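Written out below as C-alpha cells is the structure these notes cover.
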Amino acid sequence: GCVFFHKLRSKKGLYMKTYQKLVILVLLFSFSKTFSQLDLSHEVGIVAGPLSMQTDYGERNHFPSSNQSTFGVAVVHYLSFFGSNYNWRNGATWFSDHFKLRTEFSYYFNNSLEHKGEPIEGNRPINDQLRAMKGETKMYNVGVQLEYYFKNLEDYGLLFNTADKFAPYISAGLQYNSFDAELTNTSNGGLDVGNLPAKWQNNFFIEPDNTFSFTLSAGTRYKMNNIDLVADARFQSFFSDRIDGLDQVDGSSKNNDTLILFSVGIVFDLSNISR
C-alpha cells in the first residue's frame with residue numbers, strides 16, 4: 001500500500017510539473033499569436049552556426065576544457081510592429097520604430113562531449129574513469145525574444161533608403177528546451193555505472209527531459225535588396241544542470257549549463273515575396 005501511494009504521488013508530481021511547463025509555454029506563444037493577427041509586417045528566415053556548450057565535462061573555470069564545440073540551426077519568424085504598407089509616421093510609435101518580436105524553432109546537438117585538460121592527465125583510476133566517459137546530447141528549442149534596434153526600423157526598411165545597410169540590435173528572450181542526453185564509458189558504447197567516478201554513479205540523467213532557458217543576444221542586420229543578412233551572438237543560460245546528462249553534487253559545479261552561439265542567416269520579408 002505504501003509503495004502504491006508513493007508511486008501515485010510521484011506520478012502526480014510529474015504530471016503537475018509537466019502541466020505547469022505547458023501552461024507557461026502556451027502563454028509564451030499566445031503573446032506572439034496575438035500580434036500575428038494584427039496588420040503587422042512578417043519576415044521568415046533560417047540561421048545556423050557554431051556553438052560552444054559549458055557543461056560538467058572538463059573544468060568549469062578552465063575555458064579550453066569546459067567548452068564543447070558543436071552546431072545549431074534555427075527557423076525564425078519576425079514580427080514588426082507596423083504594417084507592410086509604409087505610411088510616413090501614420091500611427092508610428094517609438095516602440096514600433098525600434099522593436100521586433102522574434103519567434104524561433106531551433107535544434108542543437110553535440111556528439112563529442114568528453115573531459116579534457118588536467119582531470120584526464122595521469123594514471124590514477126579517476127583519470128582512467130574520466131577519460132572513458134563520452135557523452136552526447138540533442139536539443140529542440142522553441143521560444144521568443146524581443147529585439148531592440150538602435151536605428152529606426154521603418155526608415156531602415158524603405159526600398160529607396162540605400163544609405164542604411166546595417167541595423168545593429170540587442171535582445172533578450174525565453175525558450176522552452178526539450179533535450180535527450182547519452183553517456184557511455186565502455187569500448188563497445190555501453191555504460192558501466194560501477195566504473196563512473198563516485199560522484200556521478202547516482203547522478204547521471206540519460207532520459208529525455210525538458211527545461212527553460214533565458215537568452216541574451218547582440219547582432220546586426222545587413223540589407224541586400226529584398227532580403228536581409230543577419231549575424232548574431234547569443235548567450236543562453238538553462239534552468240537545469242542536466243543538459244549534458246550529468247549533475248555534480250559535490251560542490252565542484254555551482255552553475256547550470258550554458259552555451260554561446262554564433263550564427264549567420266538570411267531573412268525574407270513576406271510582403272516583398274507576395275508582391
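Starting from 1 in every chain, residues are counted up; chains themselves are A, B, ... following the order of the C-alpha cells, and ligands are numbered from 1 as listed.
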Members of segment 79-163 of chain A assigned helix (DSSP H, G or I) by DSSP, as a list in words: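 Here is the list: Trp94, Phe95, Ser96, Asp97, His98, Glu118, Pro119, Ile120, Pro125, Ile126, Asn127, Asp128, Gln129, Leu130, Arg131, Ala132, Leu153, Glu154, Asp155, Tyr156 and Gly157 of chain A.
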Surrounding residues of segment 195-206 of chain A excluding itself and chain neighbours under 5 positions, 6 Å, only C-alpha atoms, as a list in words: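 Counting only the stated atoms, we get Gln129, Ala181, Glu182, Gly245, Leu246 and Asp247 of chain A.
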Closest of A:Ser263, A:Ser106, A:Thr211, A:Asn255 to Ala231 of chain A - atom-to-atom distances counting only C-alpha atoms: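 So, comparing all the options, the nearest one is A:Ser263.
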Strand (DSSP E) call set, DSSP backbone run, segment 124-244 of chain A, as a PyMOL selection string: chain A and resi 134-149+166-184+209-224+227-238
Nearest residue to Thr55 of chain A from the set A:Glu121, A:Glu136, A:Asp257, A:Asp192 (distances using only C-alpha atoms): A:Asp257
Selected residue of minimal separation from Phe212 of chain A among A:Gly143, A:Tyr148, A:Asp244, A:Gln68, counting only C-alpha atoms: A:Gly143
